[in-house]
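Asker: So here's upload.cif (mmCIF, C-alpha atoms).
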data_start
loop_
_atom_site.label_atom_id
_atom_site.label_comp_id
_atom_site.auth_asym_id
_atom_site.auth_seq_id
_atom_site.Cartn_x
_atom_site.Cartn_y
_atom_site.Cartn_z
CA MET A 664 29.68 4.59 -33.18
CA ASN A 665 29.26 3.91 -36.90
CA LEU A 666 29.97 0.29 -36.08
CA LEU A 667 26.67 0.15 -34.19
CA VAL A 668 24.81 1.19 -37.36
CA LEU A 669 26.81 -1.40 -39.33
CA ASN A 670 25.96 -4.06 -36.76
CA LEU A 671 22.24 -3.20 -36.94
CA LEU A 672 22.36 -3.27 -40.76
CA LEU A 673 24.00 -6.72 -40.66
CA ALA A 674 21.23 -7.90 -38.35
CA LEU A 675 18.64 -6.46 -40.77
CA ALA A 676 20.35 -8.20 -43.71
CA TRP A 677 20.33 -11.50 -41.79
CA MET A 678 16.61 -11.09 -41.09
CA GLY A 679 16.00 -10.36 -44.78
CA PHE A 680 17.95 -13.36 -46.05
CA ASN A 681 16.10 -15.68 -43.70
CA ALA A 682 12.72 -13.94 -44.15
CA ASP A 683 12.53 -14.16 -40.34
CA PHE A 684 11.46 -10.79 -38.95
CA SER A 685 11.12 -11.88 -35.33
CA LEU A 686 12.96 -11.14 -32.10
CA GLY A 687 14.90 -14.40 -32.42
CA GLY A 688 15.94 -13.60 -35.98
CA PHE A 689 17.13 -10.13 -34.97
CA THR A 690 19.07 -11.47 -31.99
CA ALA A 691 20.79 -14.14 -34.11
CA GLY A 692 21.65 -11.58 -36.80
CA PHE A 693 22.96 -9.09 -34.25
CA VAL A 694 25.14 -11.67 -32.48
CA LEU A 695 26.54 -13.02 -35.77
CA GLY A 696 27.15 -9.50 -37.10
CA HIS A 697 28.86 -8.56 -33.85
CA GLY A 698 31.15 -11.58 -34.19
CA VAL A 699 32.00 -10.71 -37.80
CA LEU A 700 32.81 -7.08 -36.90
CA TRP A 701 34.86 -8.29 -33.95
CA LEU A 702 36.99 -10.46 -36.26
CA GLY A 703 37.64 -7.39 -38.39
CA ARG A 704 38.89 -5.20 -35.53
CA PRO A 705 42.30 -4.40 -37.14
CA LEU A 706 40.41 -2.64 -39.96
CA TYR A 707 39.23 0.18 -37.70
CA PRO A 708 41.96 0.89 -35.15
CA THR A 709 40.37 4.04 -33.67
CA GLN A 710 36.97 2.51 -32.86
CA ARG A 711 35.68 2.29 -29.30
CA TYR A 712 32.53 0.37 -30.18
CA PHE A 713 33.32 -2.98 -28.56
CA ARG A 714 34.59 -1.44 -25.32
CA VAL A 715 31.59 0.90 -25.06
CA PHE A 716 29.09 -1.84 -26.02
CA TRP A 717 30.31 -4.45 -23.53
CA GLY A 718 31.06 -1.77 -20.95
CA SER A 719 27.50 -0.42 -21.08
CA LEU A 720 26.07 -3.92 -20.89
CA GLY A 721 28.24 -4.70 -17.87
CA TYR A 722 27.34 -1.39 -16.25
CA PHE A 723 23.62 -2.01 -16.80
CA LEU A 724 23.81 -5.43 -15.12
CA TRP A 725 25.86 -4.00 -12.23
CA LEU A 726 23.29 -1.21 -11.80
CA LEU A 727 20.44 -3.76 -11.71
CA LYS A 728 22.28 -5.66 -8.97
CA GLU A 729 22.78 -2.43 -7.01
CA ILE A 730 19.08 -1.52 -7.38
CA VAL A 731 18.00 -4.91 -6.00
CA THR A 732 20.42 -4.97 -3.05
CA SER A 733 19.71 -1.41 -1.96
CA SER A 734 15.95 -1.87 -2.46
CA LEU A 735 16.12 -4.70 0.05
CA LYS A 736 18.00 -2.40 2.44
CA VAL A 737 15.38 0.37 2.11
CA ALA A 738 12.55 -2.18 2.44
CA ALA A 739 14.05 -3.59 5.65
CA SER A 740 14.37 -0.10 7.07
CA VAL A 741 10.78 0.82 6.14
CA LEU A 742 9.45 -2.33 7.79
CA GLY A 743 11.15 -1.38 11.03
CA PHE A 744 14.17 -3.66 11.22
CA GLY A 745 17.50 -2.97 9.56
CA GLU A 746 19.48 0.24 9.56
CA LYS A 747 18.16 3.36 11.28
CA VAL A 748 17.11 6.18 8.94
CA GLN A 749 19.59 9.06 9.11
CA PRO A 750 18.77 11.48 6.30
CA ALA A 751 21.62 13.71 5.14
CA VAL A 752 22.47 15.97 2.23
CA ILE A 753 26.01 15.23 1.13
CA ALA A 754 28.17 17.09 -1.39
CA ILE A 755 30.06 14.67 -3.63
CA PRO A 756 32.98 16.17 -5.60
CA LEU A 757 32.71 15.38 -9.31
CA ASP A 758 35.36 14.00 -11.63
CA ALA A 759 32.81 13.71 -14.42
CA ARG A 760 32.90 16.73 -16.68
CA THR A 761 30.65 16.42 -19.75
CA ASP A 762 26.85 16.69 -19.72
CA LEU A 763 26.49 12.98 -20.54
CA GLU A 764 28.79 11.83 -17.74
CA ILE A 765 27.12 14.02 -15.10
CA THR A 766 23.59 13.09 -16.26
CA LEU A 767 24.39 9.37 -16.22
CA LEU A 768 25.94 9.58 -12.77
CA ALA A 769 23.04 11.64 -11.38
CA CYS A 770 20.44 9.27 -12.81
CA SER A 771 22.31 6.19 -11.54
CA ILE A 772 22.52 7.69 -8.05
CA THR A 773 18.80 8.43 -8.12
CA LEU A 774 17.94 4.94 -9.43
CA THR A 775 19.71 3.16 -6.59
CA PRO A 776 17.40 3.36 -3.59
CA GLY A 777 18.73 5.12 -0.53
CA THR A 778 20.34 7.92 -2.51
CA LEU A 779 18.69 10.74 -4.47
CA THR A 780 20.40 13.42 -6.53
CA LEU A 781 19.07 16.78 -5.38
CA ASP A 782 21.09 19.25 -7.39
CA VAL A 783 24.20 19.83 -9.48
CA ALA A 784 26.31 22.77 -8.34
CA PRO A 785 26.23 25.57 -10.95
CA ASP A 786 30.01 25.31 -11.38
CA ARG A 787 29.70 21.51 -11.89
CA LYS A 788 32.21 20.75 -9.17
CA HIS A 789 29.79 18.97 -6.84
CA LEU A 790 26.74 16.81 -6.86
CA TYR A 791 24.35 17.25 -3.93
CA VAL A 792 22.96 13.87 -2.91
CA HIS A 793 20.25 13.16 -0.37
CA ALA A 794 21.03 9.89 1.38
CA MET A 795 18.69 7.86 3.52
CA PHE A 796 21.54 6.27 5.49
CA GLY A 797 23.90 9.24 5.65
CA GLY A 798 25.38 8.54 9.07
CA ASP A 799 28.84 8.09 7.56
CA ALA A 800 29.08 10.76 4.87
CA ALA A 801 32.73 10.15 3.98
CA ALA A 802 32.14 6.41 3.41
CA LEU A 803 29.10 7.04 1.21
CA CYS A 804 30.97 9.64 -0.81
CA ALA A 805 33.97 7.34 -1.30
CA GLU A 806 31.72 4.42 -2.23
CA THR A 807 29.86 6.42 -4.90
CA LYS A 808 33.09 7.73 -6.38
CA ASP A 809 34.94 4.41 -6.31
CA SER A 810 32.21 2.20 -7.70
CA MET A 811 29.66 4.19 -9.69
CA GLU A 812 31.62 7.15 -11.05
CA ARG A 813 34.70 5.04 -11.81
CA ARG A 814 32.60 2.57 -13.81
CA ILE A 815 30.85 5.31 -15.79
CA LEU A 816 34.11 7.07 -16.64
CA GLU A 817 35.76 3.76 -17.61
CA VAL A 818 33.02 3.11 -20.15
CA LEU A 819 32.77 6.64 -21.54
CA ARG A 820 36.43 7.68 -21.70
CA MET B 314 7.68 -29.95 -16.09
CA LEU B 315 9.10 -26.87 -17.83
CA ASP B 316 5.62 -25.38 -17.71
CA GLN B 317 5.45 -25.81 -13.94
CA ILE B 318 8.87 -24.21 -13.44
CA ALA B 319 7.75 -21.23 -15.53
CA GLN B 320 4.56 -20.98 -13.45
CA ALA B 321 6.59 -21.02 -10.24
CA ILE B 322 8.92 -18.27 -11.52
CA VAL B 323 5.92 -16.15 -12.57
CA GLY B 324 4.42 -16.58 -9.10
CA ILE B 325 7.64 -15.66 -7.31
CA LEU B 326 8.22 -12.58 -9.49
CA ALA B 327 4.62 -11.34 -9.14
CA VAL B 328 4.60 -11.77 -5.35
CA ALA B 329 8.03 -10.12 -5.00
CA GLY B 330 6.85 -7.19 -7.16
CA ALA B 331 3.68 -6.80 -5.11
CA PHE B 332 5.80 -6.92 -1.93
CA PHE B 333 7.99 -4.03 -3.10
CA CYS B 334 4.92 -1.99 -4.09
CA LEU B 335 3.47 -2.61 -0.61
CA VAL B 336 6.77 -1.54 1.01
CA ALA B 337 6.71 1.63 -1.13
CA ALA B 338 3.22 2.47 0.12
CA LEU B 339 4.21 1.73 3.75
CA GLY B 340 7.31 3.89 3.34
CA VAL B 341 5.25 6.88 2.19
CA VAL B 342 3.24 6.62 5.41
CA ARG B 343 6.03 5.79 7.85
CA LEU B 344 9.05 7.87 6.82
CA PRO B 345 9.54 11.32 8.40
CA ASP B 346 9.81 13.88 5.57
CA ALA B 347 9.20 14.45 1.84
CA LEU B 348 12.73 13.57 0.74
CA THR B 349 12.95 10.27 2.62
CA ARG B 350 9.46 9.39 1.34
CA MET B 351 10.75 9.89 -2.21
CA HIS B 352 13.29 7.12 -1.56
CA ALA B 353 10.54 4.66 -0.71
CA SER B 354 7.98 5.61 -3.34
CA SER B 355 10.05 6.17 -6.47
CA LYS B 356 12.61 3.43 -6.08
CA ALA B 357 10.84 0.55 -4.42
CA GLY B 358 7.98 1.31 -6.83
CA THR B 359 10.29 0.99 -9.84
CA LEU B 360 11.58 -2.40 -8.73
CA GLY B 361 8.04 -3.57 -7.90
CA CYS B 362 6.65 -2.54 -11.30
CA GLY B 363 9.67 -4.04 -13.05
CA LEU B 364 9.23 -7.41 -11.36
CA VAL B 365 5.49 -7.55 -12.10
CA LEU B 366 6.18 -6.63 -15.76
CA LEU B 367 8.79 -9.41 -15.94
CA ALA B 368 6.25 -11.87 -14.60
CA VAL B 369 3.81 -10.76 -17.33
CA ALA B 370 6.49 -11.26 -20.01
CA ILE B 371 7.16 -14.81 -18.85
CA PHE B 372 3.46 -15.65 -18.54
CA PHE B 373 2.63 -14.39 -22.09
CA PRO B 374 5.76 -15.28 -24.05
CA GLY B 375 4.64 -13.72 -27.36
CA LEU B 376 6.82 -11.19 -29.18
CA ASP B 377 4.22 -8.42 -28.93
CA VAL B 378 3.95 -8.70 -25.13
CA VAL B 379 7.70 -9.05 -24.58
CA ALA B 380 8.45 -6.01 -26.76
CA ARG B 381 5.99 -3.90 -24.79
CA VAL B 382 7.38 -5.12 -21.46
CA VAL B 383 10.94 -4.28 -22.51
CA ALA B 384 9.82 -0.82 -23.68
CA ALA B 385 7.87 -0.22 -20.46
CA ILE B 386 10.83 -1.21 -18.21
CA LEU B 387 13.22 0.90 -20.31
CA PHE B 388 11.04 4.00 -20.03
CA LEU B 389 10.46 3.36 -16.33
CA LEU B 390 14.25 3.41 -15.82
CA LEU B 391 14.65 6.52 -18.02
CA THR B 392 11.87 8.65 -16.57
CA THR B 393 11.87 7.79 -12.84
CA PRO B 394 15.19 9.48 -11.98
CA VAL B 395 14.27 12.67 -13.85
CA ALA B 396 10.93 12.95 -12.04
CA ALA B 397 12.49 12.06 -8.67
CA HIS B 398 15.23 14.65 -9.20
CA MET B 399 12.73 17.42 -10.03
CA ILE B 400 10.36 16.57 -7.15
CA GLY B 401 13.24 16.29 -4.65
CA ARG B 402 14.74 19.61 -5.73
CA ALA B 403 11.34 21.30 -5.62
CA ALA B 404 10.72 19.86 -2.14
CA TYR B 405 14.06 21.19 -0.93
CA ALA B 406 13.66 24.61 -2.56
CA SER B 407 10.18 25.06 -1.12
CA GLY B 408 11.67 24.84 2.37
CA GLU B 409 9.64 21.74 3.19
CA SER B 410 12.62 19.48 3.86
CA PRO B 411 14.86 18.23 5.29
CA ALA B 412 13.06 17.46 8.51
CA ALA B 413 14.42 17.29 12.02
CA GLY B 414 16.72 14.33 12.49
CA THR B 415 18.78 15.14 9.43
CA VAL B 416 22.34 14.45 10.48
CA ARG B 417 24.11 16.61 7.92
CA ASP B 418 23.20 19.18 5.25
CA ASP B 419 25.97 20.35 2.93
CA LEU B 420 23.50 22.34 0.87
CA ALA B 421 21.99 24.52 3.62
CA ASP B 422 24.74 27.07 4.19
CA GLY B 423 26.44 26.94 0.80
CA PRO B 424 25.88 29.31 -2.12
CA ASP B 425 24.35 26.44 -4.12
CA ASN B 426 21.21 26.16 -1.98
CA PRO B 427 18.37 25.95 -4.54
CA ARG B 428 16.07 27.90 -2.23
CA ARG B 429 18.53 30.78 -2.02
CA ARG B 430 19.17 30.67 -5.77
CA LEU B 431 15.43 30.82 -6.37
CA LEU B 432 15.02 33.79 -4.03
CA ASP B 433 18.01 35.61 -5.59
CA LYS B 434 16.54 35.12 -9.02
CA ALA B 435 13.16 36.43 -7.92
CA GLY B 436 14.78 39.42 -6.16
CA GLY B 437 16.99 40.26 -9.12
CA ARG B 438 14.11 40.75 -11.52
#
Kindly return the structure encoded in the file as structure tokens.
Answerer:
Amino acid sequence: MNLLVLNLLLALAWMGFNADFSLGGFTAGFVLGHGVLWLGRPLYPTQRYFRVFWGSLGYFLWLLKEIVTSSLKVAASVLGFGEKVQPAVIAIPLDARTDLEITLLACSITLTPGTLTLDVAPDRKHLYVHAMFGGDAAALCAETKDSMERRILEVLR
Amino acid sequence: MLDQIAQAIVGILAVAGAFFCLVAALGVVRLPDALTRMHASSKAGTLGCGLVLLAVAIFFPGLDVVARVVAAILFLLLTTPVAAHMIGRAAYASGESPAAGTVRDDLADGPDNPRRRLLDKAGGR
């Protein structure tokens, strides 16, 4: 993650050289610095910066899309058309192990409407999720594991 | 021309945000129990606030406003799940929810039930 500091310093240097301390100046400096560091990838073979950076950006955009689509689903249900509300508490087995992985997964589940993380099992083997449309527990469990958890673990591991 | 397009986008975003806030309020009234109400209030509210904030950022395109909008949306996304998690867990542990009509409850009979853990802790002291 030292490359992130280096990238920020390059952006700062760019802002200094241009005497342009604005959002545009920072963005230009950051993009240029990112490109320069990317060209020098063979110099730091063990780094994970580029994968983590682009992975997190991609994950953030995917999460935004999920929030919008499932908000529409919840809104339709609240207004009386759309899927029938079938609340359920579902145990989802965890592949995530570290604090960061579990926290990110729990927060992502809570952020997408329709699902709400209630509790983490004390032995960290399960996540207890309250779902608004829990009619098909197995499908919901598989969907969370296949899309959300897989994406988080791909970025972090 | 560009100005009018920006105005139209601001209008659409503001109305969409207000719509999601209205749905959140309706959901709190219409849904059956505390946990399902959390779904409507915390989440639809986040999206509603986010959309209205975006509209503000486009309407006042200065750096100071945009920076504050970005910070506000970021902290909304960071704090909402933590609060929702704590309120939901407290609602479950207090025995309030889940209401009738719940199709499945993996937490009720297991050893991980927060209500039971709370009672054990209180009894053990």
Asker: Go through the shown structure with the PyMOL selection byres ((chain B) within 8 of (chain A)) and write out the matching residues as a PyMOL selection string.
Answerer: chain B and resi 333+336-337+339-340+343-344+348-349+352-353+356-357+360+376+390+393-395+397-399+401-402+411+414-420+425+427
Asker: Using atom CA of Val715 of chain A and atom CA of Glu817 of chain A as the two end points, give the distance in Å to one decimal.
Answerer: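 We find that atom CA of Val715 of chain A and atom CA of Glu817 of chain A lie 9.0 Å from each other.
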Asker: Please provide the set of residues having any atom within 9 Å of segment 318-327 of chain B, restricted to all atoms listed in the file, with same-chain residues fewer than 4 positions apart removed, written as a PyMOL selection string.
Answerer: chain B and resi 314+331-332+361+364-372
Asker: For a quick check of understanding, using all atoms listed in the file, which of B:Ala421, B:Leu315, B:Cys362, B:Ala435 has the smallest distance to Phe388 of chain B?
Answerer: B:Cys362
Asker: Do you have the atom CA of Leu673 of chain A-atom CA of Gly696 of chain A distance handy?
Answerer: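 Answer for the atom CA of Leu673 of chain A to atom CA of Gly696 of chain A separation: 5.5 Å.
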Asker: Give me, please, the distance in Å between atom CA of Lys747 of chain A and atom CA of Leu335 of chain B, quoted to one decimal.
Answerer: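 Straight-line distance from atom CA of Lys747 of chain A to atom CA of Leu335 of chain B works out to 19.8 Å.
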Asker: Specify as a ChimeraX atom specification each residue included when the PyMOL selection byres ((chain B and resi 406) around 8) is applied to this file.
Answerer: /B:402-405,407-409,426-429,431
Asker: Given the choices A:Arg714, A:Tyr707, A:Leu671, A:Asn665, which gets closest to Phe693 of chain A if the distance is worked out from all atoms listed in the file?
Answerer: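 Between A:Arg714, A:Tyr707, A:Leu671, A:Asn665, the residue approaching Phe693 of chain A most closely is A:Leu671.
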Asker: Using the chain letters and numbers from the file, which residues does the PyMOL selection byres ((chain A and resi 756-760) around 8) grab, as a PDB file with C-alpha atoms, in the frame of the given file?
Answerer:
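This is the output file part.pdb:
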ATOM      1  CA  ALA A 754      28.170  17.090  -1.390  1.00  0.00           C
ATOM      2  CA  ILE A 755      30.060  14.670  -3.630  1.00  0.00           C
ATOM      3  CA  THR A 761      30.650  16.420 -19.750  1.00  0.00           C
ATOM      4  CA  ASP A 762      26.850  16.690 -19.720  1.00  0.00           C
ATOM      5  CA  GLU A 764      28.790  11.830 -17.740  1.00  0.00           C
ATOM      6  CA  ILE A 765      27.120  14.020 -15.100  1.00  0.00           C
ATOM      7  CA  ARG A 787      29.700  21.510 -11.890  1.00  0.00           C
ATOM      8  CA  LYS A 788      32.210  20.750  -9.170  1.00  0.00           C
ATOM      9  CA  HIS A 789      29.790  18.970  -6.840  1.00  0.00           C
ATOM     10  CA  LEU A 790      26.740  16.810  -6.860  1.00  0.00           C
ATOM     11  CA  GLU A 812      31.620   7.150 -11.050  1.00  0.00           C
ATOM     12  CA  LEU A 816      34.110   7.070 -16.640  1.00  0.00           C
TER      13      LEU A 816
END
Asker: Measuring atom to atom with only C-alpha atoms, identify which of A:Lys808, A:Trp725, A:Gly692, A:Gly698 is nearest to Phe680 of chain A.
Answerer: A:Gly692
